[in-house]
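Participant: Hey, dropping target-v7.txt in here, compact mmCIF, C-alpha atoms:
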# COMPACT_ATOMS: atom_id res chain seq x y z
CA MET A 256 0.00 0.00 0.00
CA SER A 257 1.33 3.46 -0.91
CA ARG A 258 1.87 6.11 1.74
CA ALA A 259 -1.01 8.19 0.34
CA SER A 260 -3.40 5.23 0.56
CA ALA A 261 -2.27 4.45 4.10
CA ILE A 262 -2.84 8.06 5.19
CA THR A 263 -6.27 8.06 3.53
CA SER A 264 -7.26 4.82 5.25
CA ASP A 265 -6.09 6.17 8.60
CA LEU A 266 -8.12 9.38 8.13
CA LEU A 267 -11.23 7.37 7.30
CA ASP A 268 -10.75 5.19 10.36
CA ARG A 269 -10.44 8.30 12.49
CA LEU A 270 -13.57 9.73 10.90
CA HIS A 271 -15.35 6.45 11.56
CA ARG A 272 -14.34 6.63 15.22
CA LYS A 273 -15.65 10.21 15.38
CA LEU A 274 -19.18 8.99 14.73
CA PRO A 275 -21.51 8.82 17.76
CA ASP A 276 -20.08 6.54 20.45
CA ARG A 277 -20.94 2.90 19.96
CA GLU A 278 -21.40 1.48 23.41
CA VAL A 279 -21.20 -2.20 24.23
CA HIS A 280 -23.17 -2.57 27.44
CA LEU A 281 -22.62 -5.51 29.77
CA ALA A 282 -25.58 -6.28 32.01
CA PRO A 283 -24.81 -7.66 35.50
CA ASP A 284 -24.80 -11.44 35.62
CA ASP A 285 -26.95 -11.67 38.72
CA ALA A 286 -29.94 -10.43 36.65
CA PHE A 287 -30.06 -13.68 34.62
CA PHE A 288 -31.28 -17.19 35.01
CA CYS A 289 -29.42 -19.68 32.82
CA LEU A 290 -29.73 -23.24 31.59
CA ARG A 291 -27.86 -25.72 29.48
CA VAL A 292 -29.81 -26.76 26.38
CA GLU A 293 -28.80 -29.95 24.60
CA LEU A 294 -28.92 -29.51 20.84
CA PRO A 295 -30.22 -32.33 18.65
CA GLU A 296 -27.74 -33.67 16.12
CA GLY A 297 -28.10 -32.06 12.70
CA LEU A 298 -29.82 -28.90 14.00
CA SER A 299 -28.85 -26.03 11.68
CA ARG A 300 -27.54 -22.75 13.01
CA GLY A 301 -30.51 -20.94 11.55
CA ASP A 302 -32.94 -23.11 13.56
CA MET A 303 -31.08 -22.72 16.86
CA PRO A 304 -32.71 -19.44 18.01
CA ASP A 305 -36.21 -20.95 17.82
CA PHE A 306 -35.13 -24.21 19.45
CA VAL A 307 -33.34 -22.46 22.30
CA GLY A 308 -36.24 -20.00 22.68
CA LEU A 309 -38.67 -22.89 23.23
CA ALA A 310 -36.33 -24.32 25.88
CA ILE A 311 -36.20 -20.96 27.67
CA GLU A 312 -39.97 -20.55 27.42
CA ALA A 313 -40.47 -23.97 29.01
CA LYS A 314 -38.33 -23.03 32.05
CA ALA A 315 -39.01 -19.31 32.39
CA PRO A 316 -41.39 -17.99 35.04
CA PHE A 317 -42.44 -15.14 32.71
CA PRO A 318 -43.86 -14.90 29.18
CA MET A 319 -41.22 -14.71 26.46
CA GLU A 320 -42.27 -11.21 25.39
CA GLN A 321 -41.25 -9.97 28.86
CA LEU A 322 -37.77 -11.51 28.61
CA ALA A 323 -34.48 -10.35 27.14
CA HIS A 324 -32.67 -13.51 26.20
CA GLY A 325 -29.85 -15.06 24.15
CA PHE A 326 -27.44 -17.98 24.06
CA LEU A 327 -23.87 -19.10 23.53
CA VAL A 328 -23.16 -22.23 21.50
CA ASP A 329 -20.56 -24.94 21.92
CA GLN A 330 -21.03 -26.74 18.63
CA ASP A 331 -18.40 -29.39 19.35
CA LYS A 332 -19.99 -30.32 22.66
CA GLY A 333 -23.51 -30.14 21.24
CA TYR A 334 -25.14 -27.74 23.69
CA ALA A 335 -26.13 -24.10 24.06
CA PHE A 336 -25.86 -22.03 27.22
CA ALA A 337 -29.14 -20.08 27.28
CA PHE A 338 -29.79 -17.02 29.47
CA ALA A 339 -32.70 -14.66 30.07
CA ALA A 340 -33.56 -11.66 32.26
CA HIS A 341 -36.83 -9.90 32.89
CA LYS A 342 -36.95 -6.64 30.95
CA GLY A 343 -38.40 -4.87 33.98
CA ARG A 344 -35.36 -5.94 36.02
CA LEU A 345 -33.05 -4.55 33.38
CA GLN A 346 -34.94 -1.27 33.32
CA ARG A 347 -34.57 -0.96 37.08
CA LEU A 348 -30.83 -1.41 36.53
CA GLY A 349 -30.86 1.58 34.15
CA ILE A 350 -30.78 -0.45 30.94
CA GLU A 351 -33.37 1.42 28.89
CA ASN A 352 -33.58 2.48 25.26
CA THR A 353 -31.72 -0.67 24.34
CA GLY A 354 -31.68 0.31 20.66
CA THR A 355 -29.03 2.94 21.41
CA TYR A 356 -26.47 0.31 22.35
CA PHE A 357 -24.13 -1.12 19.75
CA GLN A 358 -24.40 -4.47 21.51
CA LEU A 359 -26.08 -5.59 24.76
CA PHE A 360 -24.71 -8.70 26.46
CA PRO A 361 -24.50 -10.35 29.87
CA SER A 362 -21.08 -9.74 31.40
CA PHE A 363 -20.03 -13.38 31.26
CA VAL A 364 -19.78 -13.41 27.43
CA VAL A 365 -16.26 -11.98 27.81
CA LEU A 366 -15.07 -15.46 28.90
CA TYR A 367 -16.72 -17.26 25.97
CA GLY A 368 -14.27 -19.28 23.91
CA MET A 369 -11.77 -20.02 26.72
CA GLN A 370 -10.99 -23.72 26.89
CA ASN A 371 -9.33 -25.94 29.48
CA ALA A 372 -8.45 -29.60 29.28
CA GLU A 373 -10.18 -30.07 32.65
CA ALA A 374 -13.59 -28.93 33.83
CA THR A 375 -12.91 -25.50 35.33
CA VAL A 376 -14.58 -22.79 37.43
CA ARG A 377 -13.62 -19.23 36.47
CA PHE A 378 -14.43 -16.02 38.33
CA LEU A 379 -15.34 -12.69 36.75
CA VAL A 380 -15.95 -9.22 38.18
CA ASN A 381 -17.90 -6.52 36.32
CA GLU A 382 -18.70 -3.37 38.27
CA THR A 383 -20.37 -4.67 41.47
CA THR A 384 -21.12 -8.25 40.37
CA LEU A 385 -18.94 -11.30 41.01
CA SER A 386 -19.68 -14.32 38.82
CA ALA A 387 -18.56 -17.95 38.81
CA LEU A 388 -18.77 -19.77 35.48
CA PHE A 389 -18.57 -23.56 35.23
CA PHE A 390 -16.96 -24.83 32.02
CA PRO A 391 -16.96 -28.52 31.07
CA ALA A 392 -13.62 -30.00 29.99
CA GLY A 393 -12.62 -28.67 26.55
CA ALA A 394 -15.78 -26.56 26.25
CA THR A 395 -15.95 -22.98 24.93
CA ALA A 396 -19.31 -22.10 26.58
CA PRO A 397 -20.17 -22.38 30.28
CA GLU A 398 -22.85 -24.74 31.49
CA GLN A 399 -23.63 -23.08 34.82
CA LEU A 400 -23.58 -19.56 36.26
CA ARG A 401 -23.59 -18.35 39.84
CA ALA A 402 -23.45 -14.64 40.61
CA THR A 403 -23.51 -12.38 43.66
CA SER A 404 -23.36 -8.67 44.38
CA LEU A 405 -20.26 -7.19 45.96
CA GLU A 406 -20.14 -4.72 48.82
CA GLU A 407 -18.41 -1.40 48.33
CA GLY A 408 -15.52 -2.52 50.52
CA ASP A 409 -14.93 -5.55 48.34
CA LEU A 410 -14.02 -3.27 45.45
CA GLN A 411 -11.22 -1.48 47.32
CA GLY A 412 -8.10 -3.10 45.89
CA GLU A 413 -7.07 -6.47 44.55
CA SER A 414 -6.73 -8.10 47.95
CA ASN A 415 -10.33 -7.29 48.86
CA LEU A 416 -11.56 -8.61 45.52
CA LEU A 417 -9.66 -11.85 46.07
CA ALA A 418 -11.03 -12.13 49.58
CA ALA A 419 -14.60 -11.69 48.26
CA ARG A 420 -13.90 -14.35 45.65
CA ASP A 421 -12.69 -16.78 48.35
CA ARG A 422 -15.82 -16.19 50.44
CA PHE A 423 -18.04 -16.75 47.41
CA LEU A 424 -16.13 -19.92 46.52
CA LYS A 425 -17.09 -21.47 49.85
CA GLU A 426 -20.76 -21.16 48.88
CA LEU A 427 -20.31 -23.06 45.63
CA ASP A 428 -20.41 -26.75 44.87
CA THR A 429 -17.29 -27.22 42.73
CA GLU A 430 -17.05 -30.97 42.94
CA GLY A 431 -15.61 -32.32 39.66
CA TYR A 432 -14.26 -28.92 38.66
CA LYS A 433 -10.81 -27.39 38.94
CA VAL A 434 -10.99 -23.92 40.46
CA GLU A 435 -8.92 -21.40 38.53
CA ASP A 436 -6.72 -19.20 40.67
CA GLY A 437 -7.64 -15.54 40.95
CA LEU A 438 -10.24 -13.77 38.82
CA ALA A 439 -10.71 -11.55 35.77
CA GLU A 440 -12.07 -8.00 36.01
CA VAL A 441 -13.77 -6.29 33.07
CA VAL A 442 -12.03 -2.99 32.32
CA GLN A 443 -13.40 -1.91 28.93
CA ALA A 444 -15.44 -3.07 25.95
CA GLU A 445 -14.13 -1.56 22.69
CA VAL A 446 -15.67 -1.47 19.21
CA LEU A 447 -12.93 -1.72 16.58
CA PRO A 448 -13.10 0.06 13.20
CA ASN A 449 -14.05 -3.26 11.56
CA GLU A 450 -16.93 -3.49 14.11
CA ARG A 451 -15.43 -6.42 15.94
CA ILE A 452 -15.66 -6.20 19.72
CA ARG A 453 -12.61 -6.36 21.95
CA PHE A 454 -12.78 -6.78 25.71
CA HIS A 455 -9.99 -5.56 27.96
CA LEU A 456 -9.67 -7.58 31.18
CA ARG A 457 -7.44 -7.34 34.19
CA SER A 458 -6.27 -10.73 35.44
CA ILE A 459 -5.78 -10.68 39.21
CA ALA A 460 -4.08 -13.41 41.24
CA SER A 461 -2.62 -13.63 44.74
CA ASP A 462 0.87 -14.66 43.62
CA ARG A 463 1.55 -11.98 40.98
CA ASP A 464 0.78 -8.44 39.92
CA PRO A 465 -2.35 -7.79 37.82
CA VAL A 466 -1.95 -8.48 34.08
CA MET A 467 -3.95 -6.91 31.24
CA VAL A 468 -5.61 -9.40 28.89
CA VAL A 469 -7.38 -8.72 25.59
CA LYS A 470 -10.21 -10.96 24.38
CA GLU A 471 -12.29 -11.05 21.18
CA PRO A 472 -14.66 -13.93 21.90
CA LEU A 473 -17.46 -13.12 19.43
CA ASN A 474 -15.72 -13.20 16.07
CA ARG A 475 -18.63 -14.48 13.99
CA GLU A 476 -21.70 -12.36 13.35
CA GLU A 477 -24.03 -15.26 14.15
CA ASP A 478 -22.41 -15.64 17.59
CA LEU A 479 -22.60 -11.89 18.13
CA TRP A 480 -26.35 -11.64 17.60
CA ALA A 481 -27.15 -14.95 19.29
CA ALA A 482 -25.63 -13.54 22.51
CA ASP A 483 -27.30 -10.12 22.17
CA LEU A 484 -30.27 -9.50 24.46
CA ARG A 485 -32.39 -7.61 21.90
CA ASP A 486 -35.28 -9.19 19.98
CA PRO A 487 -34.47 -11.25 16.85
CA ALA A 488 -36.39 -8.74 14.69
CA PHE A 489 -34.18 -5.90 15.95
CA ALA A 490 -31.07 -8.04 15.47
CA GLU A 491 -31.97 -8.81 11.86
CA LYS A 492 -32.72 -5.18 11.04
CA GLU A 493 -29.58 -3.86 12.76
CA SER A 494 -27.38 -6.52 11.19
CA ALA A 495 -28.59 -5.59 7.70
CA ALA A 496 -28.02 -1.88 8.42
CA ARG A 497 -24.46 -2.56 9.54
CA ARG A 498 -23.71 -4.58 6.45
CA ARG A 499 -24.90 -1.67 4.31
CA SER A 500 -22.82 0.72 6.39
CA ARG A 501 -19.72 -1.42 5.99
CA SER A 502 -20.26 -1.57 2.24
CA ILE A 503 -20.63 2.22 2.08
CA TRP A 504 -17.51 2.79 4.16
CA GLN A 505 -15.57 0.27 2.11
CA SER A 506 -16.68 1.94 -1.11
CA LEU A 507 -15.80 5.34 0.31
CA ARG A 508 -12.41 4.09 1.43
CA ILE A 509 -11.73 2.63 -2.02
CA GLY A 510 -12.98 5.80 -3.74
CA VAL A 511 -10.84 8.09 -1.62
CA GLY A 512 -7.87 5.76 -2.10
CA VAL A 513 -8.31 5.86 -5.87
CA ALA A 514 -8.65 9.65 -5.75
CA ALA A 515 -5.46 9.87 -3.69
CA LEU A 516 -3.62 7.68 -6.20
CA LEU A 517 -4.89 9.80 -9.10
CA LEU A 518 -3.71 12.92 -7.30
CA LEU A 519 -0.34 11.31 -6.71
CA PHE A 520 -0.06 10.34 -10.37
CA GLN A 521 -1.03 13.90 -11.36
CA LEU A 522 1.71 15.31 -9.14
CA LEU A 523 4.19 12.85 -10.63
CA THR A 524 3.10 13.87 -14.13
CA LEU A 525 3.59 17.55 -13.29
CA GLY A 526 6.99 16.75 -11.82
CA LEU A 527 8.03 14.81 -14.93
CA SER A 528 6.75 17.62 -17.17
CA GLY A 529 8.90 20.10 -15.27
CA TYR A 530 11.89 17.80 -15.49
CA ASN A 531 11.35 17.38 -19.25
CA LEU A 532 11.20 21.16 -19.63
CA ILE A 533 14.53 21.47 -17.82
CA LEU A 534 16.04 18.83 -20.13
CA GLU A 535 14.67 20.57 -23.23
CA ASN A 536 16.20 23.87 -22.12
CA ARG A 537 19.50 22.13 -21.49
CA ILE A 538 19.39 20.50 -24.93
CA THR A 539 18.67 23.90 -26.51
CA GLU A 540 21.72 25.31 -24.73
CA LEU A 541 23.97 22.44 -25.88
CA GLU A 542 22.66 22.26 -29.45
CA PRO A 543 25.18 24.80 -30.95
CA GLN A 544 28.06 22.95 -29.29
CA ALA A 545 26.78 19.62 -30.59
CA THR A 546 26.48 21.05 -34.10
CA ARG A 547 30.09 22.27 -33.99
CA VAL A 548 31.33 18.87 -32.80
CA GLU A 549 29.32 17.12 -35.54
CA ASN A 550 30.76 19.45 -38.19
CA LYS A 551 34.29 18.77 -36.96
CA LEU A 552 33.73 15.01 -37.08
CA THR A 553 32.32 15.26 -40.61
CA LEU A 554 35.29 17.33 -41.75
CA ALA A 555 37.75 14.90 -40.16
CA SER A 556 36.03 11.98 -41.88
CA ARG A 557 36.19 13.70 -45.25
CA LEU A 558 39.84 14.61 -44.78
CA THR A 559 40.66 11.01 -43.88
CA GLN A 560 38.79 9.73 -46.96
CA SER A 561 40.50 12.30 -49.22
CA THR A 562 43.92 11.36 -47.87
CA GLU A 563 43.31 7.69 -48.49
CA GLU A 564 42.16 8.38 -52.05
CA ASP A 565 45.21 10.58 -52.74
CA LEU A 566 47.57 7.88 -51.48
CA GLN A 567 45.91 5.05 -53.42
CA PRO A 568 47.95 5.48 -56.67
CA PHE A 569 51.17 5.43 -54.66
CA VAL A 570 50.08 2.18 -52.97
CA LEU A 571 49.38 0.58 -56.36
CA LEU A 572 52.62 1.80 -57.86
CA GLU A 573 54.65 0.71 -54.85
CA ALA A 574 53.17 -2.79 -55.18
CA ILE A 575 54.55 -3.32 -58.73
CA ASN A 576 57.73 -1.22 -58.67
CA PRO A 577 59.88 -3.85 -56.85
CA LEU A 578 59.20 -6.23 -59.81
CA ARG A 579 60.45 -3.74 -62.42
CA PRO A 580 63.65 -4.87 -64.29
CA ASP A 581 66.56 -2.41 -64.32
CA SER A 582 66.26 -1.99 -68.09
CA VAL A 583 62.64 -0.78 -67.79
CA TYR A 584 61.87 2.88 -67.01
CA PHE A 585 58.60 4.64 -66.25
CA ASP A 586 57.81 7.82 -68.16
CA GLU A 587 54.30 8.45 -66.87
CA VAL A 588 51.94 6.79 -64.38
CA ARG A 589 48.21 7.53 -64.25
CA SER A 590 45.52 6.30 -61.90
CA ARG A 591 42.60 5.83 -64.28
CA ALA A 592 40.32 4.47 -61.55
CA TYR A 593 40.47 3.64 -57.88
CA ASN A 594 41.76 0.12 -58.70
CA GLN A 595 43.39 0.72 -62.11
CA LEU A 596 46.85 1.91 -62.90
CA GLN A 597 48.19 2.94 -66.39
CA VAL A 598 51.96 2.85 -66.71
CA GLU A 599 53.86 4.18 -69.79
CA GLY A 600 57.62 3.70 -70.17
CA LEU A 601 60.66 2.56 -72.15
CA SER A 602 62.84 -0.54 -72.29
CA SER A 603 66.51 -0.35 -73.26
CA GLN A 604 66.72 -4.10 -73.94
CA GLY A 605 63.71 -4.64 -76.16
CA VAL A 606 60.33 -6.15 -75.44
CA THR A 607 61.52 -9.19 -73.46
CA PRO A 608 61.99 -7.37 -70.10
CA VAL A 609 58.59 -5.69 -70.57
CA ASN A 610 56.84 -9.06 -71.08
CA ALA A 611 58.66 -10.53 -68.07
CA PHE A 612 57.62 -7.50 -66.00
CA ALA A 613 53.94 -7.93 -67.06
CA ASP A 614 54.03 -11.68 -66.24
CA SER A 615 55.46 -10.95 -62.76
CA ILE A 616 52.69 -8.46 -62.08
CA ARG A 617 50.02 -10.99 -63.13
CA GLN A 618 51.26 -13.41 -60.48
CA LEU A 619 50.49 -10.98 -57.64
CA GLU A 620 47.45 -12.19 -55.63
CA PHE A 621 45.83 -8.77 -55.56
CA VAL A 622 46.08 -8.21 -59.35
CA ASP A 623 43.13 -9.11 -61.54
CA SER A 624 44.56 -8.50 -65.03
CA VAL A 625 47.43 -6.84 -66.94
CA GLU A 626 47.06 -5.45 -70.48
CA ASN A 627 50.47 -5.15 -72.19
CA ASN A 628 50.91 -2.94 -75.24
CA ALA A 629 54.60 -2.90 -76.24
CA GLN A 630 56.08 -1.56 -79.52
CA THR A 631 59.62 -1.43 -80.89
CA ARG A 632 60.64 1.34 -83.35
CA ASN A 633 64.08 2.39 -84.41
CA ASN A 634 65.62 -0.07 -81.95
CA GLN A 635 63.64 1.55 -79.11
CA THR A 636 60.88 -0.28 -77.24
CA SER A 637 58.02 1.65 -75.64
CA PHE A 638 55.19 0.09 -73.66
CA GLU A 639 51.88 0.82 -71.99
CA LEU A 640 50.65 -1.44 -69.14
CA VAL A 641 47.03 -1.22 -67.91
CA ILE A 642 46.85 -3.03 -64.54
CA MET A 643 43.52 -3.94 -62.85
CA PHE A 644 43.74 -4.65 -59.12
CA SER A 645 41.24 -7.02 -57.42
CA ALA A 646 42.12 -5.70 -53.96
CA THR A 647 44.10 -2.91 -52.43
CA PRO A 648 47.73 -3.98 -51.94
CA PRO A 649 49.21 -3.66 -48.44
CA ALA A 650 50.81 -0.30 -47.77
CA PRO A 651 54.61 -0.28 -47.56
CA GLU A 652 56.13 -0.62 -44.10
CA GLY A 653 56.72 2.75 -42.53
CA GLY A 654 54.22 4.42 -44.87
CA PHE A 655 54.99 6.97 -47.49
CA THR A 656 57.41 9.84 -47.13
CA ILE A 657 56.48 12.69 -49.40
CA PRO A 658 59.33 15.23 -49.68
CA ASP A 659 58.42 18.79 -48.93
CA LYS A 660 59.08 21.57 -51.44
CA ALA A 661 62.43 22.56 -49.91
CA GLU A 662 63.80 19.03 -50.36
CA GLU A 663 62.55 18.91 -53.95
CA ASP A 664 64.19 22.26 -54.75
CA ALA A 665 67.45 20.99 -53.20
CA GLU A 666 67.38 17.84 -55.33
CA GLU A 667 66.62 19.83 -58.50
CA GLY A 668 69.49 22.20 -57.68
CA GLY A 669 71.88 19.28 -57.23
CA GLU A 670 70.90 17.79 -60.56
CA GLU A 671 71.44 21.09 -62.30
CA THR A 672 74.87 21.48 -60.66
CA GLY A 673 75.86 18.02 -61.70
With the file now loaded, output its structure as structure tokens.

Facilitator:
Amino acid sequence: MSRASAITSDLLDRLHRKLPDREVHLAPDDAFFCLRVELPEGLSRGDMPDFVGLAIEAKAPFPMEQLAHGFLVDQDKGYAFAFAAHKGRLQRLGIENTGTYFQLFPSFVVLYGMQNAEATVRFLVNETTLSALFFPAGATAPEQLRATSLEEGDLQGESNLLAARDRFLKELDTEGYKVEDGLAEVVQAEVLPNERIRFHLRSIASDRDPVMVVKEPLNREEDLWAADLRDPAFAEKESAARRRSRSIWQSLRIGVGVAALLLLFQLLTLGLSGYNLILENRITELEPQATRVENKLTLASRLTQSTEEDLQPFVLLEAINPLRPDSVYFDEVRSRAYNQLQVEGLSSQGVTPVNAFADSIRQLEFVDSVENNAQTRNNQTSFELVIMFSATPPAPEGGFTIPDKAEEDAEEGGEETG
């Protein structure tokens, strides 16, 4: 997730928490009568509320419409722990306008889901009520509940709470159960942004300092509403409203996240546009320099090519000159093409040295053909050789040394003096 999306999600969560407080109210356990209801095998979860309601109605001293009731299920053990309280009793305890609560439970639901290998009795304190819950071995739901009210003095410190617990324990029949040391005290019920409920408990024991414990026992929506004390009609309506609300918030979160990403992309686009503008300005500044460098490279290339072309006739001539007999002289040499050399000259010993010279040239691997035109007049032999090269001969070692004008003038002066 990008930083912008994370910030957006955090802001939405904060906004969600700024909505009217969603209170999870825990009714005192001593207001309820409870019973274990065995569930028939194959009973669906959807049929459980009616089945458990009939069991409560059969045991309750009041009509069902006067009761606030619910249940916790231990599916593996095949029973439900049903509970009910008279609505008038709850009203006298200040629990009115129940529709304003986010959830309404008995206090003991905070221990739902805790399992022990042995049958165990656990103690719980919420406000001024001390409860003892009896859990079968390996069960997640209790099967019995005993509760009593605490005196004001019992609430003054951990030692007094533990002393009240010990007195209450003496009144209980715990045969077949392991009694858990200490007790748990409800500190806070919190509604998370995802609408799950988290309970904060303080675990108190005689041999250690109090420890904070966090519990989320009602993870599934069906467990949540089965334990709620409001009517099934209210539960169905409220559950549907919350699902719509979650969908709206999720859509809003996604929409704001997408908008944040689009804004981020827009900022990146603006940044890249500015960077491109800087590069374009820099290119404009460097363009004259680049043009000058390009012109210099072009000129150097042309000069190199021109030099090679100027030296080509010398390379061709140098390739055949070592084969020339001493009696053969060159009068004129022309380069008729890039790979063709025309040589005109004289032979002091007739046509034989000229023919031998032409045959030697033909044997060179880089010569394609030699055309020999030799004539003898007045005891003087002249010739014209037209030589076609198939490849450029290798340049002489050390290259060519072209005398400068001063050296040429010196040589001409020496010849004249001689």

Participant: Figure out the distance between CA of Ala286 (chain A) and CA of Phe326 (chain A), please, to one decimal in Å.

Facilitator: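 According to the coordinates, CA of Phe326 (chain A) and CA of Ala286 (chain A) are separated by 14.9 Å.
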
Participant: For region 639-649 of chain A, work out the shell of residues within 6 Å, counting only C-alpha atoms and skipping chain neighbours fewer than 5 positions away, then give it as a list in words.

Facilitator: Asn594, Gln595, Leu596, Gln597, Val598, Glu599, Phe621, Val622, Asp623, Ser624, Val625, Glu626, Asn627 and Asn628 of chain A

Participant: List the spatial neighbours of region 385-397 of chain A as a short mmCIF file (atom, residue, chain, number, x, y, z; two decimals) with C-alpha atoms, keeping the file's coordinate frame - criterion: any atom at most 9 Å away, all atoms listed in the file, same-chain residues fewer than 5 positions off excluded.

Facilitator:
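So the final result, stored in result_2.cif, reads:
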data_model
loop_
_atom_site.label_atom_id
_atom_site.label_comp_id
_atom_site.auth_asym_id
_atom_site.auth_seq_id
_atom_site.Cartn_x
_atom_site.Cartn_y
_atom_site.Cartn_z
CA PRO A 283 -24.81 -7.66 35.50
CA ASP A 284 -24.80 -11.44 35.62
CA ASP A 285 -26.95 -11.67 38.72
CA ARG A 291 -27.86 -25.72 29.48
CA LEU A 327 -23.87 -19.10 23.53
CA VAL A 328 -23.16 -22.23 21.50
CA ASP A 329 -20.56 -24.94 21.92
CA GLN A 330 -21.03 -26.74 18.63
CA ASP A 331 -18.40 -29.39 19.35
CA LYS A 332 -19.99 -30.32 22.66
CA TYR A 334 -25.14 -27.74 23.69
CA ALA A 335 -26.13 -24.10 24.06
CA PHE A 336 -25.86 -22.03 27.22
CA SER A 362 -21.08 -9.74 31.40
CA PHE A 363 -20.03 -13.38 31.26
CA VAL A 364 -19.78 -13.41 27.43
CA LEU A 366 -15.07 -15.46 28.90
CA TYR A 367 -16.72 -17.26 25.97
CA GLY A 368 -14.27 -19.28 23.91
CA MET A 369 -11.77 -20.02 26.72
CA GLN A 370 -10.99 -23.72 26.89
CA ASN A 371 -9.33 -25.94 29.48
CA ALA A 372 -8.45 -29.60 29.28
CA GLU A 373 -10.18 -30.07 32.65
CA ALA A 374 -13.59 -28.93 33.83
CA THR A 375 -12.91 -25.50 35.33
CA VAL A 376 -14.58 -22.79 37.43
CA ARG A 377 -13.62 -19.23 36.47
CA PHE A 378 -14.43 -16.02 38.33
CA LEU A 379 -15.34 -12.69 36.75
CA VAL A 380 -15.95 -9.22 38.18
CA ALA A 402 -23.45 -14.64 40.61
CA THR A 403 -23.51 -12.38 43.66
CA SER A 404 -23.36 -8.67 44.38
CA LEU A 405 -20.26 -7.19 45.96
CA ALA A 419 -14.60 -11.69 48.26
CA ARG A 420 -13.90 -14.35 45.65
CA PHE A 423 -18.04 -16.75 47.41
CA LEU A 424 -16.13 -19.92 46.52
CA LEU A 427 -20.31 -23.06 45.63
CA THR A 429 -17.29 -27.22 42.73
CA TYR A 432 -14.26 -28.92 38.66
#

Participant: Asp462 (chain A): which residues within 12 Å, counting only C-alpha atoms, same-chain residues fewer than 6 positions away excluded, as a short mmCIF file (atom, residue, chain, number, x, y, z; two decimals) with C-alpha atoms, keeping the file's coordinate frame?

Facilitator:
data_model
loop_
_atom_site.label_atom_id
_atom_site.label_comp_id
_atom_site.auth_asym_id
_atom_site.auth_seq_id
_atom_site.Cartn_x
_atom_site.Cartn_y
_atom_site.Cartn_z
CA GLU A 413 -7.07 -6.47 44.55
CA SER A 414 -6.73 -8.10 47.95
CA LEU A 417 -9.66 -11.85 46.07
CA ASP A 436 -6.72 -19.20 40.67
CA GLY A 437 -7.64 -15.54 40.95
#

Participant: One decimal, Å: what's the distance from CA of Gly308 (chain A) over to CA of Glu445 (chain A), could you say?

Facilitator: 28.8 Å

Participant: So that I can see what lies close to Ile350 (chain A), please list as JSON, numbers by chain the residues with an atom at most 10 Å from it, counting only C-alpha atoms and leaving out residues fewer than 3 positions away in the same chain.

Facilitator: {"A": [280, 281, 282, 342, 343, 344, 345, 346, 347, 353, 356, 359]}

Participant: Find the residues around Arg498 (chain A) up to 12 Å (only C-alpha atoms counted), leave out those fewer than 5 positions away in its own chain, and share them as a PyMOL selection string.

Facilitator: chain A and resi 449-450+476+491-493+503-505

Participant: Nearest to Val606 (chain A): which of A:Val583, A:Ala515, A:Ile533, A:Val570 is it, counting only C-alpha atoms?

Facilitator: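 Of all the options, A:Val583 lies closest to Val606 (chain A).
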
Participant: At what distance in Å, to one decimal, does CA of Asp464 (chain A) lie from CA of Val442 (chain A)?

Facilitator: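 So the two atoms, CA of Val442 (chain A) and CA of Asp464 (chain A), lie 15.9 Å apart.
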